[in-house]
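> There's a structure below that I have some questions on.
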Amino acid sequence: MALRSYAPLPYVDRINLYTLANPKPLLADGKPNPGYDLDIDFSASGRIPLTEAVRDLDYRLSVTRRDIGRREGDGVHGVTNVNFGAKVEYPRFNAEFNYVDRFGPEATTPITSPLKEPEVIIDPKVYTNGNFSLDTRFSVGQYTAQSNPLSRSASAQGINITTTRLEEQHDLSYTAQPWPGADLRLRNTFTGRYYGTGARTVDLLVSGELTQRFNVDNTITFGTRYLRTEGTSPFAFDAVNRRVLSAPVSITLSTVPVRDVRFGISYTRDLFLAPQDQQPLGVTLSVNRLPLRLDASLRHNIDTGELQDFTYNVTLSDPDSGTPKVTPAQPATETQPAKPATVTRSSPWPFPNLSLSASGGYRKGTGLVPFRVSATVTGDLRTNTFTVYAIHDFKTEPVSELGVTYSLSTTRDVVLNPVTVTGRETFYLEPARMSGEHSITWRGQYRAFTAHDLLLEPPATATSSGTVTFGVGTVQGSANSWNLIYGGPYDLRRGGWTAPTLTGTVSVTRPGQRLGLVAVLNVAGLDQKRTELARVDADANWQFGSRAAISGRVLYSRTRSGTYPNDVATDTLTVAPVRATVAIGNGEKPGAYLTASLRQTFTWVDGVRQNYTPISPVIGLTIDRCCWALQAEADLGLGRYRLAVGLPGQAFYPLFDLTKEGFDIPLLP
């Protein structure tokens, strides 16, 4: 039974009810099992007007039970869950009442979502008075939830524990300007939980911060905090994982000693930590004066005298240095003399199309990090770039890596003949290795590309040096695309591909139509003696209006075992599945659907079919009505016939099942 009603009673906005009783399945010995399995889903929601409330009280109630499809002894079988909640808002506070409980067999597994039996929450509105604000929240109730494994007393009572719990939260903050250029911020946050078992947990933070500004860009900040987290909760859902006791005191200086230069120092010391556990002193330097851009930072432990780490990044670049800025002459006025015309540049950098950069650093424990230097040349168009770089690893060779990246676009006619060339090439010196990929794209739609990854000195036992591929096709992401790729393992010593493949892919998408095709052809190479089709994967979906559709996937593959020329081929054809559907009935919505599908695998070894079985299609009929649906299925290969009924929002329930072994009615004991 399924019912839905809107505003059936005063103060009730909506009621939903679904219930189904199913006879219990037979016992293990085949004897009847008296009674029924119940599925219940009841929910109600509404509003109740209250005097002086800002808005109506909102409430919601749900009662659920799920037995069908679950075995007896399951931790959820026979359990009815009740969830009720109500919220109301008054001018000075918000109030909330929650009742969450379960009825039935006692829980034998941990209750991770706590039961509230019940819970009351009072949340006063934020109080402000000038620069002072106060935000508080109180909750009290009785809870049942998983026991905290860190609490011996709670664990001794079982996997779940029931007790009362009071929680108080507050957040106090105060801001002021005690003198010109100074900002003072004070804050206190606290969360305390107190339990009926006598346990408690505390989470406390007290902080203060004073910032003094000098001029505009110079500031110094003094800060202090006190953090305390401790206690043991009997519940796992709000357990304190570790005790925290900390009192850090910090000072931060940020200054601009000269134009375009920023310098900063920060240091924090925790009054509860030993000297070797203190945070290091941090220093930062930033220079942004064309053509120089410098960012550097270091951290130094003043207690041990050790440098923790140091990083830097330097760039020399000014693309606008070649464009002079002309200021026209100004005639004399009654108050100012005449000014001649002037020509200025953004910086004295003589190479506006060249950018140089370097980066490196040091880390304690690993030593110097690799030093990287690069140079980038930019063409008349900003999209045309050519970059070379080198990396020096102080632990190995003088130069461990060399690389080139480029991106070029045509400039003569970017509309009729736009051509873009991109690529990268990387050389690794230890071990000697070359890796790269290059492509040329025409009109943003078609492209030719190549990629390789080769060891220049492969091991003597290696059958190949790496991979080399070439391809043509369309740019990925379009509705209709295709690609053709040739290549595979390549041996530099013998000068050829060892086992190349030719792979073609096609993807076509239109409204109501989709076709995907992948074919792989093994091509004869140094170690692969045959040219033959290795794999075909076809995936299609075709709709004929709103009344018929065909969809399916067919996969063919060939593998070989043994040694050439006496190796044996194994061919596999998988239909997974192919399906045809026809809608039957008049009107916009069909009343029935007839479906024929085939899901089967065929195997041949050296041309001889294995495990011969006849083709086994499955015919299905679905009758769809407003409040129910009927589904019939005939598996012609297995000789199985089934009939099932479905209700709104539920799975289909079998009415009968006819097989070669006999006739079965699952709903009857």
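In the structure tokens, chains take letters A, B, ... by order of appearance, with residues numbered from 1 within each chain and ligands from 1 in the order shown.
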Would you list the contacts of segment 459-474 of chain A as a compact mmCIF listing (two decimals) with N, CA, C and O atoms, in the first residue's frame, taking every protein, DNA or RNA residue within 6 Å and counting only C-alpha atoms, but skipping same-chain residues closer than 2 positions in sequence?

```
# COMPACT_ATOMS: atom_id res chain seq x y z
N GLN A 445 41.17 21.42 -35.10
CA GLN A 445 40.34 20.23 -35.22
C GLN A 445 41.14 18.99 -35.59
O GLN A 445 40.89 17.91 -35.05
N TYR A 446 42.09 19.11 -36.51
CA TYR A 446 42.85 17.95 -36.97
C TYR A 446 44.29 18.09 -36.50
O TYR A 446 44.85 19.20 -36.47
N ARG A 447 44.91 16.93 -36.18
CA ARG A 447 46.27 16.99 -35.70
C ARG A 447 47.04 15.73 -36.08
O ARG A 447 46.45 14.65 -36.28
N ALA A 448 48.35 15.89 -36.20
CA ALA A 448 49.29 14.79 -36.36
C ALA A 448 50.26 14.85 -35.18
O ALA A 448 50.68 15.94 -34.77
N PHE A 449 50.60 13.71 -34.63
CA PHE A 449 51.38 13.73 -33.40
C PHE A 449 52.29 12.52 -33.35
O PHE A 449 52.09 11.51 -34.04
N THR A 450 53.29 12.63 -32.51
CA THR A 450 54.21 11.53 -32.24
C THR A 450 54.67 11.62 -30.80
O THR A 450 54.70 12.71 -30.21
N ALA A 451 54.99 10.48 -30.22
CA ALA A 451 55.47 10.42 -28.84
C ALA A 451 56.47 9.29 -28.73
O ALA A 451 56.39 8.28 -29.45
N HIS A 452 57.44 9.46 -27.85
CA HIS A 452 58.47 8.44 -27.65
C HIS A 452 59.02 8.51 -26.23
O HIS A 452 58.99 9.57 -25.60
N ASP A 453 59.51 7.40 -25.76
CA ASP A 453 60.17 7.29 -24.46
C ASP A 453 61.18 6.16 -24.60
O ASP A 453 60.81 4.97 -24.58
N LEU A 454 62.48 6.50 -24.76
CA LEU A 454 63.50 5.53 -25.14
C LEU A 454 64.69 5.60 -24.20
O LEU A 454 65.15 6.69 -23.84
N LEU A 455 65.18 4.43 -23.81
CA LEU A 455 66.46 4.31 -23.12
C LEU A 455 67.55 4.24 -24.18
O LEU A 455 67.53 3.37 -25.06
N SER A 481 34.82 12.12 -33.68
CA SER A 481 36.27 12.11 -33.65
C SER A 481 36.80 10.79 -34.19
O SER A 481 36.08 9.77 -34.20
N TRP A 482 38.04 10.81 -34.65
CA TRP A 482 38.72 9.60 -35.10
C TRP A 482 40.21 9.75 -34.89
O TRP A 482 40.74 10.87 -34.86
N ASN A 483 40.89 8.64 -34.70
CA ASN A 483 42.33 8.64 -34.52
C ASN A 483 42.91 7.36 -35.11
O ASN A 483 42.28 6.29 -35.04
N LEU A 484 44.10 7.48 -35.67
CA LEU A 484 44.83 6.34 -36.21
C LEU A 484 46.26 6.43 -35.67
O LEU A 484 46.96 7.41 -35.92
N ILE A 485 46.68 5.40 -34.91
CA ILE A 485 47.97 5.42 -34.22
C ILE A 485 48.75 4.17 -34.58
O ILE A 485 48.23 3.05 -34.53
N TYR A 486 50.01 4.37 -34.96
CA TYR A 486 50.90 3.25 -35.28
C TYR A 486 52.13 3.33 -34.38
O TYR A 486 52.68 4.42 -34.16
N GLY A 487 52.57 2.18 -33.90
CA GLY A 487 53.78 2.16 -33.10
C GLY A 487 53.71 1.13 -32.01
O GLY A 487 52.84 0.25 -31.99
N GLY A 488 54.66 1.24 -31.09
CA GLY A 488 54.76 0.30 -30.00
C GLY A 488 56.19 0.17 -29.53
O GLY A 488 56.99 1.11 -29.67
N PRO A 489 56.58 -0.96 -28.95
CA PRO A 489 57.97 -1.15 -28.49
C PRO A 489 58.96 -1.01 -29.65
O PRO A 489 58.75 -1.57 -30.73
N TYR A 490 60.05 -0.28 -29.40
CA TYR A 490 61.04 -0.01 -30.44
C TYR A 490 62.44 -0.33 -29.91
O TYR A 490 62.76 -0.03 -28.75
N ASP A 491 63.26 -0.97 -30.77
CA ASP A 491 64.62 -1.36 -30.39
C ASP A 491 65.62 -0.53 -31.18
O ASP A 491 65.70 -0.65 -32.42
```
> When you look at Ile619 of chain A with a cut-off of 8 Å (counting only C-alpha atoms), what residues show up, excluding the ones that are within fewer than 6 positions of it in the same chain? I need them as a PyMOL selection string.
chain A and resi 594-597+633-636
> Which residue gives the smallest distance to Pro248 of chain A among A:Phe222, A:Phe190, A:Phe394, A:Phe235, with only C-alpha atoms counted?
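Looking at the shortest contact to Pro248 of chain A, the residue is A:Phe222.
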> So that I can see what lies close to segment 274-282 of chain A, please list as a list in words the residues with an atom at most 10 Å from it, counting only C-alpha atoms and leaving out residues fewer than 5 positions away in the same chain.
Pro248, Thr252, Gly264, Ile265, Ser266, Tyr267, Thr268, Arg269, Ser297, Leu298, Arg299, His300, Asn301, Ile302, Asp303, Thr304, Gly305, Glu306, Leu307, Gln308, Asp309 and Phe310 of chain A
> If you keep N, CA, C and O atoms, can you produce a file of those selected residues as a PDB file, in the first residue's frame?

```pdb
ATOM      1  N   PRO A 248      51.517  29.033  22.475  1.00  0.00           N
ATOM      2  CA  PRO A 248      52.476  29.681  21.573  1.00  0.00           C
ATOM      3  C   PRO A 248      52.433  31.205  21.695  1.00  0.00           C
ATOM      4  O   PRO A 248      51.367  31.819  21.817  1.00  0.00           O
ATOM      5  N   THR A 252      55.562  38.754  14.409  1.00  0.00           N
ATOM      6  CA  THR A 252      55.651  38.793  12.951  1.00  0.00           C
ATOM      7  C   THR A 252      55.927  40.223  12.519  1.00  0.00           C
ATOM      8  O   THR A 252      55.217  41.152  12.928  1.00  0.00           O
ATOM      9  N   GLY A 264      60.202  40.066   5.533  1.00  0.00           N
ATOM     10  CA  GLY A 264      59.381  39.615   6.647  1.00  0.00           C
ATOM     11  C   GLY A 264      60.112  38.644   7.544  1.00  0.00           C
ATOM     12  O   GLY A 264      60.962  37.868   7.097  1.00  0.00           O
ATOM     13  N   ILE A 265      59.791  38.696   8.849  1.00  0.00           N
ATOM     14  CA  ILE A 265      60.331  37.778   9.845  1.00  0.00           C
ATOM     15  C   ILE A 265      59.177  37.311  10.718  1.00  0.00           C
ATOM     16  O   ILE A 265      58.324  38.113  11.127  1.00  0.00           O
ATOM     17  N   SER A 266      59.142  36.010  10.997  1.00  0.00           N
ATOM     18  CA  SER A 266      58.120  35.470  11.894  1.00  0.00           C
ATOM     19  C   SER A 266      58.755  34.423  12.797  1.00  0.00           C
ATOM     20  O   SER A 266      59.599  33.627  12.351  1.00  0.00           O
ATOM     21  N   TYR A 267      58.335  34.433  14.052  1.00  0.00           N
ATOM     22  CA  TYR A 267      58.877  33.470  15.005  1.00  0.00           C
ATOM     23  C   TYR A 267      57.806  33.157  16.036  1.00  0.00           C
ATOM     24  O   TYR A 267      57.101  34.047  16.525  1.00  0.00           O
ATOM     25  N   THR A 268      57.682  31.868  16.347  1.00  0.00           N
ATOM     26  CA  THR A 268      56.714  31.392  17.330  1.00  0.00           C
ATOM     27  C   THR A 268      57.425  30.487  18.318  1.00  0.00           C
ATOM     28  O   THR A 268      58.206  29.610  17.917  1.00  0.00           O
ATOM     29  N   ARG A 269      57.126  30.684  19.597  1.00  0.00           N
ATOM     30  CA  ARG A 269      57.710  29.852  20.642  1.00  0.00           C
ATOM     31  C   ARG A 269      56.608  29.378  21.569  1.00  0.00           C
ATOM     32  O   ARG A 269      55.833  30.182  22.110  1.00  0.00           O
ATOM     33  N   SER A 297      62.984  32.403   0.707  1.00  0.00           N
ATOM     34  CA  SER A 297      62.551  32.162   2.078  1.00  0.00           C
ATOM     35  C   SER A 297      63.490  31.161   2.724  1.00  0.00           C
ATOM     36  O   SER A 297      64.074  30.311   2.041  1.00  0.00           O
ATOM     37  N   LEU A 298      63.644  31.298   4.031  1.00  0.00           N
ATOM     38  CA  LEU A 298      64.443  30.333   4.783  1.00  0.00           C
ATOM     39  C   LEU A 298      63.834  30.156   6.165  1.00  0.00           C
ATOM     40  O   LEU A 298      63.118  31.028   6.671  1.00  0.00           O
ATOM     41  N   ARG A 299      64.153  28.999   6.768  1.00  0.00           N
ATOM     42  CA  ARG A 299      63.731  28.700   8.132  1.00  0.00           C
ATOM     43  C   ARG A 299      64.953  28.203   8.893  1.00  0.00           C
ATOM     44  O   ARG A 299      65.642  27.281   8.445  1.00  0.00           O
ATOM     45  N   HIS A 300      65.177  28.849  10.050  1.00  0.00           N
ATOM     46  CA  HIS A 300      66.382  28.559  10.828  1.00  0.00           C
ATOM     47  C   HIS A 300      65.977  28.281  12.269  1.00  0.00           C
ATOM     48  O   HIS A 300      65.230  29.045  12.894  1.00  0.00           O
ATOM     49  N   ASN A 301      66.469  27.159  12.805  1.00  0.00           N
ATOM     50  CA  ASN A 301      66.190  26.792  14.191  1.00  0.00           C
ATOM     51  C   ASN A 301      67.220  27.461  15.089  1.00  0.00           C
ATOM     52  O   ASN A 301      68.392  27.093  15.105  1.00  0.00           O
ATOM     53  N   ILE A 302      66.774  28.472  15.815  1.00  0.00           N
ATOM     54  CA  ILE A 302      67.715  29.242  16.622  1.00  0.00           C
ATOM     55  C   ILE A 302      68.156  28.470  17.866  1.00  0.00           C
ATOM     56  O   ILE A 302      69.166  28.820  18.488  1.00  0.00           O
ATOM     57  N   ASP A 303      67.421  27.419  18.254  1.00  0.00           N
ATOM     58  CA  ASP A 303      67.810  26.632  19.424  1.00  0.00           C
ATOM     59  C   ASP A 303      68.941  25.663  19.098  1.00  0.00           C
ATOM     60  O   ASP A 303      69.855  25.471  19.894  1.00  0.00           O
ATOM     61  N   THR A 304      68.885  25.045  17.929  1.00  0.00           N
ATOM     62  CA  THR A 304      69.924  24.091  17.542  1.00  0.00           C
ATOM     63  C   THR A 304      70.965  24.708  16.624  1.00  0.00           C
ATOM     64  O   THR A 304      72.012  24.102  16.378  1.00  0.00           O
ATOM     65  N   GLY A 305      70.659  25.917  16.085  1.00  0.00           N
ATOM     66  CA  GLY A 305      71.593  26.568  15.171  1.00  0.00           C
ATOM     67  C   GLY A 305      71.628  25.934  13.797  1.00  0.00           C
ATOM     68  O   GLY A 305      72.581  26.168  13.031  1.00  0.00           O
ATOM     69  N   GLU A 306      70.604  25.151  13.407  1.00  0.00           N
ATOM     70  CA  GLU A 306      70.577  24.468  12.120  1.00  0.00           C
ATOM     71  C   GLU A 306      69.639  25.176  11.146  1.00  0.00           C
ATOM     72  O   GLU A 306      68.581  25.694  11.539  1.00  0.00           O
ATOM     73  N   LEU A 307      70.033  25.173   9.886  1.00  0.00           N
ATOM     74  CA  LEU A 307      69.195  25.700   8.817  1.00  0.00           C
ATOM     75  C   LEU A 307      68.224  24.605   8.387  1.00  0.00           C
ATOM     76  O   LEU A 307      68.638  23.536   7.934  1.00  0.00           O
ATOM     77  N   GLN A 308      66.936  24.863   8.517  1.00  0.00           N
ATOM     78  CA  GLN A 308      65.942  23.857   8.166  1.00  0.00           C
ATOM     79  C   GLN A 308      65.773  23.744   6.654  1.00  0.00           C
ATOM     80  O   GLN A 308      65.820  22.653   6.102  1.00  0.00           O
ATOM     81  N   ASP A 309      65.549  24.852   5.992  1.00  0.00           N
ATOM     82  CA  ASP A 309      65.412  24.840   4.539  1.00  0.00           C
ATOM     83  C   ASP A 309      65.569  26.253   4.004  1.00  0.00           C
ATOM     84  O   ASP A 309      65.447  27.248   4.740  1.00  0.00           O
ATOM     85  N   PHE A 310      65.861  26.322   2.714  1.00  0.00           N
ATOM     86  CA  PHE A 310      66.061  27.599   2.026  1.00  0.00           C
ATOM     87  C   PHE A 310      65.662  27.407   0.561  1.00  0.00           C
ATOM     88  O   PHE A 310      66.080  26.442  -0.085  1.00  0.00           O
TER      89      PHE A 310
END
```
> As a list in words, please: all residues of segment 98-214 of chain A that backbone DSSP puts in alpha helix (DSSP H).
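Taking segment 98-214 of chain A and keeping alpha helix (DSSP H) gives Arg152, Ser153, Ala154 and Ser155 of chain A.
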> Next, write the just-selected residues to a file, as a JSON list (two decimals), in the first residue's frame, keeping N, CA and C atoms as the atom set.

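The resulting out35.json:
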```
[["chain", "number", "residue", "atom", "x", "y", "z"],
["A", 152, "ARG", "N", 37.98, 2.98, 29.26],
["A", 152, "ARG", "CA", 37.82, 1.63, 29.80],
["A", 152, "ARG", "C", 36.45, 1.46, 30.44],
["A", 153, "SER", "N", 35.98, 2.47, 31.18],
["A", 153, "SER", "CA", 34.70, 2.35, 31.86],
["A", 153, "SER", "C", 33.55, 2.25, 30.86],
["A", 154, "ALA", "N", 33.64, 2.99, 29.75],
["A", 154, "ALA", "CA", 32.58, 2.93, 28.74],
["A", 154, "ALA", "C", 32.63, 1.62, 27.99],
["A", 155, "SER", "N", 33.82, 1.14, 27.62],
["A", 155, "SER", "CA", 33.95, -0.12, 26.89],
["A", 155, "SER", "C", 33.48, -1.29, 27.73]]
```
> Determine, counting only C-alpha atoms, which protein, DNA and RNA residues have an atom within 10 Å of an atom of segment 418-426 of chain A; residues of the same chain fewer than 6 positions away are not included. Present the result as number ranges by chain.
A: 383-390, 401-412, 433-444, 446-453
> What gap, in Å, lies between atom CA of Trp497 of chain A and atom CA of Val523 of chain A?
9.5 Å
> Could you tell me how far atom CA of Ala145 of chain A sits from atom CA of Pro118 of chain A, in Å to one decimal place?
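Going from atom CA of Pro118 of chain A over to atom CA of Ala145 of chain A covers 13.1 Å.
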